[in-house]
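To keep things clear, I will list the structure first and then write my remarks on it.
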Number of protein chains: 2
Amino acid sequence: MPTPPTGMPLVPTPRAPQRKERADAARNRQRVLLAAEELFARRSVESVTMDDIAAAAGVGKGTLYRRFTDKGGLAAELLSERGAELQRAILEGPAPLGPGPAAGADSGAGTSAGTGAGTAADPAARLEAFCAAYLAFQERHLDLVLLSETSSPGGRLRKRSYEFWRQHTEVLLRAAHVPDARVRAEVLLAALSAEQVRHWTRNEGRTLDDLTVALTGVVRSLIGSPAA
Amino acid sequence: MPTPPTGMPLVPTPRAPQRKERADAARNRQRVLLAAEELFARRSVESVTMDDIAAAAGVGKGTLYRRFTDKGGLAAELLSERGAELQRAILEGPAPLGPGPAAGADSGAGTSAGTGAGTAADPAARLEAFCAAYLAFQERHLDLVLLSETSSPGGRLRKRSYEFWRQHTEVLLRAAHVPDARVRAEVLLAALSAEQVRHWTRNEGRTLDDLTVALTGVVRSLIGSPAA
DNA sequence: ATGCTTAGCGGACTGTGGTCCGTTTAGATT
DNA sequence: AATCTAAACGGACCACAGTCCGCTAAGCAT
């Protein structure tokens, strides 16, 4: 498969074959994505309308909606570009985020826990790292994520990316022998939803660091290994 | 204070004085609430428009919006009527939900844990009971709650009732000597959001019982008292 | 090159939530 | 009872997300 269209998630996309996109269509998708990015960068995300984007991209509204399900879908596509790196780091990067052995001398991102010095990272440490990284990601792209998660009720849970994050979290929990791994994974992600993160940072005035610490605590509790 | 207007939350409403409502206004509020309830009962919640409600209540749209902030606000008002009983049970009912001593012989709603036989319920047991009861409430009024929580982004966290549930949860957690009580309370409530509950019951096909068990486990983990 | 099929296009159109503002009237004051 | 004033009213109005459908042209087949 040659150069998947930008924004394709890394995750093994199930809908593999599916007749190739026509040339003009691809060109327009690109235009739209570009225009949207530009507009979102210049003006506040919620003030940008779909008409604005269509106009800026020099494209009809019908075209917009043929390409992206809805406003949230467009935001999600943009986000998927930006989240690709994080996804890669998780799937194949060094510990503690990824499965590989720790990079260089001493990782700076992790949050202690140090499981001695195994070859592969232990699930608890990976989960903590993921939690911190994901939180940072959400906070960094807050407006866009909020749009993508709330444009339609239940949107957050229907996005393809949700499947990825949930799967990852669930697997780690299961590896840590935690019961009800699936439910607990979803509890964790609910806590990290854009709505919630915005509430914490914008309304309750918490800093990212505060939150990271508190949520790391939550993760430890959920895993429940009492001082292993 | 004589007969507070229906739907007023039990919680000590801070906006105490505030010039009394005019007679016609009160009458119209009632009409709207009634009409809305009727419509929501007959047709699917999401198919009912604000115009429908206004028409059914024999009232202009302006009136509708003068009384209730927005669609979500209207739903919340309806819900607050229905939630009043639960609120009362929590504030002044018997254990394990309320602070009082257990009612009758053996409560049927609680979820084990049995802390011997103290005079007042212990926070852990109360929290578990609350969680189960709240979950059941959410499930029971799912469509309406969903409307009230998602009609505007972040709506869930801005409702007055949220303040109540959060406060209650937080207090119990603090009483159980759990760190970061506030954050953990919000994590719990995020897990119990309408969106999430709908996802669990409608998409993943979980039963209320399944969920209650799994979430009770989450609560125990969060409290962290390792088999006290 | 020419023709044909069908994905792609675009913008008028619809449905709905929410606002605005000129008019009405409850109820207090005299 | 007459007057007055601000709360309440109502429906025309607006903005915006999302749909529809007749037209266009990409790119395959001959």
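Chain labels A, B, ... are given in the sequence in which chains occur in the structure tokens; within each chain residues are numbered consecutively from 1, and ligands are likewise numbered from 1 in the order shown.
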Within 9 Å of chain D, which residues belong to chain A? Use only C-alpha atoms (C1' of nucleotides) and report them as a list of chain:residue names.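 So the residues of chain A near chain D are A:Arg22, A:Ala23, A:Asp24, A:Thr49, A:Met50, A:Asp51, A:Gly62, A:Tyr65, A:Asp70, A:Lys71.
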How about saving the chosen residues, all heavy atoms kept, as a JSON list (two decimals), in the first residue's frame?
[["chain", "number", "residue", "atom", "x", "y", "z"],
["A", 22, "ARG", "N", -10.44, 8.95, -5.99],
["A", 22, "ARG", "CA", -10.14, 9.61, -7.26],
["A", 22, "ARG", "C", -9.19, 10.78, -7.01],
["A", 22, "ARG", "O", -9.15, 11.33, -5.91],
["A", 22, "ARG", "CB", -11.44, 10.12, -7.88],
["A", 22, "ARG", "CG", -11.60, 9.71, -9.32],
["A", 22, "ARG", "CD", -13.00, 9.97, -9.81],
["A", 22, "ARG", "NE", -13.34, 11.38, -9.91],
["A", 22, "ARG", "CZ", -14.50, 11.81, -10.41],
["A", 22, "ARG", "NH1", -15.40, 10.94, -10.83],
["A", 22, "ARG", "NH2", -14.76, 13.08, -10.47],
["A", 23, "ALA", "N", -8.47, 11.17, -8.04],
["A", 23, "ALA", "CA", -7.42, 12.19, -7.88],
["A", 23, "ALA", "C", -7.97, 13.51, -7.36],
["A", 23, "ALA", "O", -7.44, 14.07, -6.39],
["A", 23, "ALA", "CB", -6.70, 12.42, -9.19],
["A", 24, "ASP", "N", -9.02, 14.02, -7.97],
["A", 24, "ASP", "CA", -9.56, 15.31, -7.53],
["A", 24, "ASP", "C", -10.06, 15.24, -6.09],
["A", 24, "ASP", "O", -9.94, 16.19, -5.32],
["A", 24, "ASP", "CB", -10.67, 15.78, -8.48],
["A", 24, "ASP", "CG", -11.74, 14.71, -8.70],
["A", 24, "ASP", "OD1", -11.48, 13.55, -8.34],
["A", 24, "ASP", "OD2", -12.80, 15.05, -9.20],
["A", 49, "THR", "N", -17.05, 28.04, 11.32],
["A", 49, "THR", "CA", -18.20, 27.24, 10.86],
["A", 49, "THR", "C", -17.79, 26.38, 9.68],
["A", 49, "THR", "O", -16.76, 26.62, 9.04],
["A", 49, "THR", "CB", -19.36, 28.14, 10.42],
["A", 49, "THR", "OG1", -19.04, 28.71, 9.15],
["A", 49, "THR", "CG2", -19.61, 29.23, 11.44],
["A", 50, "MET", "N", -18.61, 25.41, 9.38],
["A", 50, "MET", "CA", -18.33, 24.54, 8.26],
["A", 50, "MET", "C", -18.35, 25.33, 6.96],
["A", 50, "MET", "O", -17.59, 25.03, 6.03],
["A", 50, "MET", "CB", -19.36, 23.41, 8.22],
["A", 50, "MET", "CG", -19.13, 22.38, 9.30],
["A", 50, "MET", "SD", -17.51, 21.61, 9.26],
["A", 50, "MET", "CE", -17.91, 19.99, 8.61],
["A", 51, "ASP", "N", -19.20, 26.31, 6.87],
["A", 51, "ASP", "CA", -19.22, 27.16, 5.68],
["A", 51, "ASP", "C", -17.89, 27.88, 5.52],
["A", 51, "ASP", "O", -17.36, 27.98, 4.41],
["A", 51, "ASP", "CB", -20.35, 28.20, 5.79],
["A", 51, "ASP", "CG", -21.71, 27.56, 5.76],
["A", 51, "ASP", "OD1", -22.13, 27.06, 6.82],
["A", 51, "ASP", "OD2", -22.34, 27.52, 4.70],
["A", 62, "GLY", "N", -21.20, 20.35, 0.14],
["A", 62, "GLY", "CA", -21.48, 18.94, -0.14],
["A", 62, "GLY", "C", -20.21, 18.13, -0.14],
["A", 62, "GLY", "O", -20.15, 17.02, 0.41],
["A", 65, "TYR", "N", -18.88, 17.41, 3.34],
["A", 65, "TYR", "CA", -19.60, 16.36, 4.07],
["A", 65, "TYR", "C", -19.48, 14.99, 3.40],
["A", 65, "TYR", "O", -19.75, 13.97, 4.02],
["A", 65, "TYR", "CB", -21.06, 16.76, 4.25],
["A", 65, "TYR", "CG", -21.25, 17.70, 5.40],
["A", 65, "TYR", "CD1", -21.35, 19.06, 5.19],
["A", 65, "TYR", "CD2", -21.26, 17.23, 6.70],
["A", 65, "TYR", "CE1", -21.49, 19.94, 6.26],
["A", 65, "TYR", "CE2", -21.41, 18.09, 7.77],
["A", 65, "TYR", "CZ", -21.53, 19.45, 7.54],
["A", 65, "TYR", "OH", -21.67, 20.31, 8.60],
["A", 70, "ASP", "N", -18.95, 14.53, 9.79],
["A", 70, "ASP", "CA", -19.51, 15.75, 10.36],
["A", 70, "ASP", "C", -18.38, 16.59, 10.93],
["A", 70, "ASP", "O", -17.21, 16.26, 10.78],
["A", 70, "ASP", "CB", -20.55, 15.42, 11.42],
["A", 70, "ASP", "CG", -19.95, 14.60, 12.54],
["A", 70, "ASP", "OD1", -18.71, 14.36, 12.52],
["A", 70, "ASP", "OD2", -20.68, 14.21, 13.46],
["A", 71, "LYS", "N", -18.74, 17.65, 11.60],
["A", 71, "LYS", "CA", -17.72, 18.56, 12.11],
["A", 71, "LYS", "C", -16.73, 17.81, 13.00],
["A", 71, "LYS", "O", -15.52, 17.99, 12.89],
["A", 71, "LYS", "CB", -18.39, 19.70, 12.89],
["A", 71, "LYS", "CG", -17.62, 20.99, 12.82],
["A", 71, "LYS", "CD", -18.30, 22.10, 13.60],
["A", 71, "LYS", "CE", -17.42, 23.34, 13.60],
["A", 71, "LYS", "NZ", -17.98, 24.43, 14.42]]
With 8 Å as the cut-off and only C-alpha atoms counted, what is the closest atom pair between each nearby residue of chain B and chain A? Distances in Å to one decimal, ordered by chain and number, as a Markdown table.
| residue | atom | partner | partner_atom | distance |
| --- | --- | --- | --- | --- |
| B:Leu146 | CA | A:Pro153 | CA | 7.8 |
| B:Thr150 | CA | A:Pro153 | CA | 5.9 |
| B:Ser151 | CA | A:Pro153 | CA | 7.9 |
| B:Pro153 | CA | A:Thr150 | CA | 5.9 |
| B:Gly154 | CA | A:Glu195 | CA | 5.4 |
| B:Leu157 | CA | A:His199 | CA | 7.4 |
| B:Asp180 | CA | A:Ala214 | CA | 6.2 |
| B:Val183 | CA | A:Ala214 | CA | 7.0 |
| B:Arg184 | CA | A:Val218 | CA | 7.2 |
| B:Glu186 | CA | A:Ala191 | CA | 7.7 |
| B:Val187 | CA | A:Ala191 | CA | 5.1 |
| B:Leu188 | CA | A:Val187 | CA | 7.8 |
| B:Ala190 | CA | A:Ala190 | CA | 5.8 |
| B:Ala191 | CA | A:Val187 | CA | 5.1 |
| B:Glu195 | CA | A:Gly154 | CA | 5.4 |
| B:Gln196 | CA | A:Ala190 | CA | 7.6 |
| B:His199 | CA | A:Leu157 | CA | 7.4 |
| B:Ala214 | CA | A:Asp180 | CA | 6.2 |
| B:Leu215 | CA | A:Val183 | CA | 8.0 |
| B:Val218 | CA | A:Leu222 | CA | 6.7 |
| B:Ser221 | CA | A:Ser221 | CA | 5.3 |
| B:Leu222 | CA | A:Ser221 | CA | 5.4 |
| B:Ile223 | CA | A:Ser221 | CA | 7.9 |
| B:Gly224 | CA | A:Ser221 | CA | 6.3 |
Given only C-alpha atoms (C1' of nucleotides) as the counted atoms, nearest of C:DT6, C:DT19, C:DT30, C:DT24 to chain A: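 Among C:DT6, C:DT19, C:DT30, C:DT24, it is C:DT6 that comes nearest to chain A.
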Using only C-alpha atoms (C1' of nucleotides), which chain C residues lie at most 9 Å away from chain A, written as a PyMOL selection string? chain C and resi 7-11
Please run DSSP on the backbone and report, as a PyMOL selection string, all residues within segment 1-225 of chain A that come out as helix (DSSP H, G or I). chain A and resi 23-42+45-47+50-57+61-67+71-92+123-140+142-150+155-158+160-175+181-191+194-203+208-223
What is the distance, in Å and to one decimal place, between atom CA of Leu97 of chain B and atom CA of Leu78 of chain B?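 A separation of 22.9 Å between them.
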Record the distance separating atom CA of Arg42 of chain A and atom CA of Gln138 of chain A, expressed in Å with one decimal. 19.7 Å
Interatomic distance (Å, one decimal) between atom CA of Phe130 of chain A and atom CA of Gln167 of chain B: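 Spanning atom CA of Phe130 of chain A to atom CA of Gln167 of chain B is a straight-line distance of 29.1 Å.
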